[in-house]
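Peer 1: The structure under discussion is supplied below as structure tokens; questions concerning it will follow.
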Amino acid sequence: MNNTKKLSLVALCISTILMGGCGDAETTIIEREPIVETPPTDGGDSGSTPPSNDFLIESMGRLAVTSSESNTVSLIDLDDSTLLDTFTLNHDGSRVYASPSYRYAVVTARNDDMVEFIDGGLWREDHVDHLHDYEQAPQMSDYTLSSSRPTHFVTHDGQSAIFYDGDAETGIPASVHVISDLDITNENDSPASLIYTVNMHGVAEPRGEFLLSTIRRDDAESTSGNTILPDQVGVYHLHDGEYELEKTLETACPDLHGAAQNHDFVLFGCGDGVLVAHEHDGEYESSKIENIDEIAGLRIGSLYSHHDAEVFIGIASNRATGEVFVLNIDPEAGAMEVLDWQAQEGVSPISYAFSYDGNHALVLDNLGGLTILSAHLHDGVNELEFEGRVQLSDEDLSAMPDGHSFNMSVAQNGDYVFVSDPIAQHVLMVHIEDMEIEGDIELDFVPATVTWLGIKDEDH
Amino acid sequence: MRKLSKVASLVLATLSSCTLAQSLEGLVLDANGNPLANANVEIHGSNQSTVTDSAGRFLFENLKAGNTEIHIRAAGHAHLHQDVNLTDAGLSNLKFALSRSPIEVIDIVSTPLHMSSMESSIPISVLSGEALRRQQSATLGDSLEKLTGVHTNFHAKVSSTPIIRGLSGPRVLIAQNGLDVSDVSRVGPDHAVASEASTATQIEVLRGPATLFYGSGAIGGVVNIVDTRVPQSNETKGEWLLETSSVDEQQLASFNITTGLDKFAVYADGFYRKSDDYEVPVMAELDVHDHEHESEDEHGSENKDFFVENSVEESYGFTLGGSYLLNNGFIGASVEQFNREYGIPGHSHGDEEGHDHDDEHSDDEHSEEHSEEVFADMQQTRAQILGEFTFEHPIIKEINLRAGYTDYEHAEIEHGSVGTVFANETYEFRLDALHQTFKDWRGGLSFRYKKSDVEAQGSEAFTPPSSTEMLGVALLEERHFGDILLQLGARIERVTMKANDVMLPMLDADSHDEESDDDHDHEHDHGDEQEITRVFSADHEFTPVTLSVGGVWDFAKGYNLGLSVSRSERAPSASELLSFGPHIGTRTYEVGALFALSEETSEIGLTDSVIDLETASNIDLTLRKTEGDIGFILNLFYNSVDNYYYQIDTGLFADDGHDHGSDEHDGHDHSSHDHDDHDHDSDSQDDEHAGELLVFLFKTDDVILHGFEAQVAWQASSHFKASLFTDYVRARLKDGGDLPRTPPLRFGTQFSYQNESISAHLDITRYQSQDRIAEFETQTDAYTLVDASIAYDLPILNNSVTAYLKGNNLTDTEARVHTSFLKDIAPRPGRNISVGIRGYF
């Protein structure tokens with residue numbers, strides 16, 4: 001019995017072999033989307049060109065422009081001002097940011113708990129012995145991140161922190177994702193994350209393997225007037241893909257809203273001043289720059305900075321009067337003062353930015369004036385001073401419909417800022433240092449926001 | 001359900017192996033009737049073995065009655081297999097006489113059926129014991145090169161792989177304890193084999209097709225490195241060695257130890273080796289390019305010492321293993337960590353090297369000295385589970401189980417940063433099930449599954465990431481018909497290979513053809529043109545089949561004649577099919593067989609040809625004299641390989657993908673170049689080709705390899721032995737032309753003297769010149785190597801400590817290895833003296 005079973009096994013083997021005959025080979029080849037690389041435009045005489053530049057691409061970059069009329073993002077090639085592609089967004093009320101290394105447009109849909117990505121198509125890879133640039137058609141990425149109410153999106157030094165506020169009604173706590181462009185490219189399903197136990201309207205600042213992120217205490221303990229706002233800052237450290245609380249900064253920060261950082265300092269806006277966190281021998285220390293008298297009773301709710309700039313811009317608005325104070329904050333000196341940007345009567349600032357190299361600060365106002373400031377040292381305090389103003393629109397701006405405004409985005413590969421004008425339906429390219437309008441991109445839709453994408457100049 | 005009952009019956013069989021107390025006592029004698037001490041006596045099919053005492057006596061107790069096969073082996077003697085019928089009363093005073101054999105007979109463990117160099121239909125070589133310690137070197141190919149029929153592809157001492165009968169690379173499988181070594185040494189000569197000879201106990205070589213046992217990758221042969229990392233006995237034994245060498249200031253320390261208690265056995269080994277750039281008798285570079293090799297000029301003018309730049313090596317590794325010993329076998333596991341860092345000579349990229357080598361080679365700190373050089377940093381973790389069980393079961397007699405996991409990575413570090421990373425992650429499972437002798441047939445089935453994920457990332461990632469799965473089943477049977485042993489084998493396997501990112505770039509290649517004036521206009525003048533890289537996903541499925549028939553005829557006492565006829569098929573490897581990129585190890589731009597060069601447009605596109613299996617039809621004839629004062633083994637082989645994958649020179653040049661910062665990089669004037677004289681080995685280093693590589697394309701053709709091997713040994717007296725050997729292979733295309741890097745005719749002699757405490761050897765090996773060359777090759781001159789060694793057993797610790805002195809290349813001759821990719825820039829080391837001490841316990 002057993003023997004016959006064994007024999008039949010042998011027979012089966014032999015017959016298999018005979019049927020297999022002389023062996024078989026089958027090849028299936030499917031062609032996929034090709035990779036298109038555009039070599040440098042200055043090429044030609046390779047003999048005198050360092051080969052290391054063979055793979056670099058000279059490009060102004062691209063601009064992601066959202067429309068006020070439809071729920072779309074248009075990608076514009078800044079080299080020839082052509083429209084590359086238009087993407088319809090899945091969710092209303094989305095906001096668009098640039099990804100940590102400016103390759104992707106990051107689309108956050110707060111009400112739909114969704115973060116999506118559009119590949120701008122221009123990026124750089126470090127191939128160790130040379131830098132390799134790529135230029136491809138923009139495309140929607142399959143990658144999405146999802147958590148409750150993505151709100152604040154903060155980028156610093158190749159990392160972005162997405163703060164999800166969570167939702168008290170559904171009991172979903174706040175959380176943070178910290179991503180780099182590589183996470184987006186690799187569609188990393190489990191990016192570095194921090195998950196709280198309560199919801200809050202908070203903000204997180206990524207700093208290498210550290211994350212300075214807000215903490216909401218029990219309502220009984222909280223010093224915040226509005227307890228959905230956190231009042232403390234924690235220093236979190238990344239372990240196995242998750243951030244763990246290493247230290248809670250001593251200085252409290254009631255009604256915390258808004259944050260920014262430069263190479264040394266991380267600032268958080270508080271009801272009574274600005275919390276300054278500073279790394280010292282691997283330990284974070286905190287202090288407070290008290291609000292000055294001019295903004296007594298107000299809160300600095302927004303902060304702007306640049307990695308290489310010494311000065312932060314703080315914004316405090318008086319909700320009752322609509323007055324907006326622009327403040328000059330030097331954390332090193334512990335100084336805060338009102339920034340005189342030589343505002344004209346009846347003009348209010350709407351948008352703030354630093355140029356790609358951090359040498360200039362920009363204030364865009366509601367009448368289409370772009371004020372250019374630069375930092376100078378006065379009595380040991382870095383102060384931004386008025387350099388000049390470029391008037392971008394001469395139309396009757398009282399006709400500006402509700403919900404529309406000028407918007408700007410700074411290029412990261414040159415001294416340019418792009419300003420969208422919803423009335424003239426165009427985007428102006430302004431050279432910051434020269435204070436001149438150097439380009440005009442006509443649009444066939446009303447622009448809402450602009451976001452620059454492309455290959456960042458790594459020297460800045 | 002049936003499966004379960006089978007398992008249950010296996011378990012029962014294990015438990016029921018009853019122990020009846022029968023004893024077996026005997027005496028082992030040599031041919032002159034003198035008792036033989038230290039002969040190993042084994043009861044076949046059990047794990048019982050013993051060693052004879054000084055009077056040649058041995059004793060087994062607790063054997064079961066019935067037909068018992070006794071296997072006796074002793075150094076310098078032929079093996080003896082004898083069946084005895086053990087009665088219930090036991091047996092005593094049995095006498096076994098062993099015949100002398102001047103050719104050492106060593107059983108191999110790499111095949112499911114019992115085989116040795118003297119007793120099988122296919123040719124086998126084994127290196128073990130003292131000979132292994134004498135011939136071991138830093139790399140596997142160099143360790144084995146004195147075996148008949150085996151050459152090395154000598155790669156400047158930092159890496160080498162064995163060439164068996166002219167075949168190497170993806171045709172020779174390297175195994176560790178029967179499981180694939182799973183490195184990336186099969187795809188590049190500068191990739192070292194991730195295994196160490198100094199801790200091995202024996203290295204087995206199957207010459208000729210061994211796909212029957214090992215599958216597709218073994219169409220040219222198998223090298224199996226054996227150690228006892230999963231110990232089969234708890235007897236305490238081990239060895240240690242310390243050695244230093246002059247030619248490269250090498251220092252080597254190694255040990256291995258097996259011990260245990262009761263049912264448990266444990267094993268540990270470790271080694272450390274460090275060597276500097278090695279000295280050569282002449283300038284390393286064959287062609288004189290003074291401007292490129294300033295450093296050697298400096299050495300030349302100062303002290304007449306020449307070195308092969310960047311041939312340093314440092315490696316260390318350790319293995320831990322343990323096993324549980326059963327009455328009917330053992331099972332155990334082991335883990336090995338292997339690290340190796342070595343320079344890659346000839347891995348210079350254009351001109352950027354060779355400007356700042358004002359270093360003194362006597363300095364030790366290579367890490368600083370060579371920070372500008374190209375290094376490989378290799379790491380491998382290997383886990384193995386091995387088990388062998390014998391059964392009383394009516395069908396199943398023996399099960400051998402082998403499973404392995406290997407995680408391999410090596411980074412090529414160029415100018416202080418990681419250039420290319422190669423990784424190979426492999427899972428493997430092998431099960432050999434041997435049946436009880438059935439109508440005098442012995443044999444069984446062998447199953448094997450292997451999954452490898454191989455990827456390379458970086459500037460030299462010439463092959464896209466691929467995943468290969470192999471599932472094979474083989475049937476092996478043998479039976480004695482009178483004086484003839486018939487061996488039959490068949491194997492079928494399924495090989496699937498998936499690669500999702502097969503790249504076909506627009507090859508920036510030019511032909512250097514004088515007639516075409518425009519070849520440089522398109523080359524670097526990209527303008528605004530876009531470069532398009534086509535991307536493919538490629539799925540391959542192969543079903544290679546191997547059929548083999550062999551016989552050994554003991555036509556007269558002490559003689560046998562072996563004949564083996566086989567037909568083997570091989571699935572091409574990922575690198576042979578999918579490559580597209582610069583491979584600095586071979587200094588060529590490699591393009592796989594999935595692509596072809598269009599005659600009309602001179603562009604490379606997808607091939608129209610069918611990707612097919614490589615098929616080898618092989619005949620082996622072996623004549624042996626196994627006993628007496630003179631022994632010999634003569635082999636003739638004829639191997640006709642259809643659809644042989646090999647590379648041809650396209651005459652095109654392509655960018656090597658590296659950054660050449662040098663100012664001299666202006667040489668795009670190829671107008672003076674004469675393509676016909678082109679020798680890529682040296683010319684691709686020329687200034688005019690700096691940063692460019694010849695494009696080599698894989699294609700298939702029918703080839704024939706044939707040749708012979710011969711070994712004769714004469715035991716002149718009990719102390720003196722002389723032996724001669726020779727080997728030759730001719731590798732040619734059926735339609736005319738020769739294959740590249742084919743070993744030349746070689747012959748040599750060894751004289752040895754051995755008494756109780758001294759062992760001395762003198763080896764003289766002649767490598768003839770090779771003038772049967774491929775189109776792009778150059779001839780290689782003949783040379784003669786003289787090696788000698790003497791070992792003295794120190795009169796301490798029961799003579800178990802040996803001091804030795806070795807000399808290699810005593811005449812300090814210039815020896816360039818035809819089979820080496822670096823033959824023109826890295827000759828063999830000059831005169832070397834090694835001293836060492838080793839011990840056994």
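Naming scheme: A, B, ... for chains in displayed order of the structure tokens; residues 1 onward per chain; ligands 1 onward as shown.
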Write down as a count of residues only the residues belonging to region 589-786 of chain B that are assigned strand (DSSP E) by DSSP computed on the backbone.
Peer 2: 108
Peer 1: Quick one: of B:Ser275, B:Thr607, B:Ser602, B:Ser233, who's nearest to chain A, counting only C-alpha atoms?
Peer 2: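 For chain A, the nearest of the given residues is B:Thr607.
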Peer 1: Leaving out Glu209 (chain A) and any residue of its chain fewer than 5 positions from it, which residues lie within 12 Å of it when counting only C-alpha atoms, given as a list of chain:residue names?
Peer 2: A:Asp157, A:Gly158, A:Gln159, A:Val178, A:Ile179, A:Ala192, A:Ser193, A:Val235, A:Tyr236, A:His237, A:Leu238, A:His239, A:Asp240, A:Gly241, A:Glu242, A:Tyr243, A:Glu244, A:Glu246, A:Gly282
Peer 1: Report, in Å to a single decimal, how far apart CA of Tyr102 (chain A) and CA of Glu531 (chain B) are.
Peer 2: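 Taking CA of Glu531 (chain B) as the start and CA of Tyr102 (chain A) as the end point, the length is 23.3 Å.
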Peer 1: Name all residues at most 7 Å from region 372-377 of chain B (count only C-alpha atoms; drop same-chain ones fewer than 3 positions away) and give them as a list in words.
Peer 2: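 In the requested form, the answer reads Asn310, Arg340, Glu341, Tyr342, Gly343, Ile344, His347, His410, Ala411, Glu412, Ile413, Glu414, His415 and Gly416 of chain B.
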Peer 1: Near Leu475 (chain B), within 7 Å and counting only C-alpha atoms, which residues show up once chain neighbours fewer than 6 positions away are dropped, as an MDAnalysis selection string?
Peer 2: chainID B and resid 444:446 489:491
Peer 1: Give me, as a list in words, all polymer residues having an atom no more than 6 Å from Ser175 (chain A), counting only C-alpha atoms and skipping those fewer than 5 positions away in the same chain.
Peer 2: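 Close residues of Ser175 (chain A): Tyr164, Leu194, Ile195 and Tyr196 of chain A.
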Peer 1: What does the file look like for those residues with N, CA and C atoms, as a CSV table (one decimal), in the first residue's frame?
Peer 2:
```
chain,number,residue,atom,x,y,z
A,164,TYR,N,-3.5,68.5,13.7
A,164,TYR,CA,-4.9,68.2,13.6
A,164,TYR,C,-5.6,68.5,14.9
A,194,LEU,N,2.4,62.3,16.6
A,194,LEU,CA,2.1,62.6,18.0
A,194,LEU,C,0.6,62.5,18.2
A,195,ILE,N,0.1,61.8,19.2
A,195,ILE,CA,-1.3,61.7,19.4
A,195,ILE,C,-1.6,62.1,20.8
A,196,TYR,N,-2.5,63.1,20.9
A,196,TYR,CA,-2.8,63.6,22.2
A,196,TYR,C,-4.0,62.8,22.8
```
Peer 1: From the list B:His480, B:His435, B:His151, B:Lys721, which residue is nearest chain A when using only C-alpha atoms?
Peer 2: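 Result for the nearest residue to chain A: B:His435.
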Peer 1: Please measure the separation of CA of Leu303 (chain A) and CA of Thr214 (chain A), giving the value in Å to one decimal.
Peer 2: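 Going from CA of Leu303 (chain A) over to CA of Thr214 (chain A), I get 15.0 Å.
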Peer 1: Give me the residues near Val223 (chain B) as a list in words, where near means some atom within 7 Å (using only C-alpha atoms) and where sequence neighbours in that chain fewer than 2 positions away do not count.
Peer 2: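 Using only C-alpha atoms, the neighbours found are Leu173, Ile174, Ala175, Ile203, Glu204, Val205, Leu206, Gly221 and Ile225 of chain B.
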Peer 1: In Å, how far is it from CA of Glu26 (chain A) to CA of Gly169 (chain B)?
Peer 2: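 Between these atoms lies a distance of 23.1 Å.
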Peer 1: Tell me which of B:Phe438, B:Phe653, B:Trp714, B:Phe58 sits closest to Gly581 (chain B), counting only C-alpha atoms.
Peer 2: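 Nearest to Gly581 (chain B): B:Phe653.
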Peer 1: Which residue is closest to Gln750 (chain B)? Choose from B:Gly736, B:Ile492, B:Lys146, B:Asp277 and count only C-alpha atoms.
Peer 2: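 Closest residue, counting only C-alpha atoms: B:Lys146.
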Peer 1: Which of these, A:Val36, A:Leu362, A:Met400, A:Met408, has the shortest distance to Phe386 (chain A) once you count only C-alpha atoms?
Peer 2: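 Smallest separation from Phe386 (chain A) among the options: A:Leu362.
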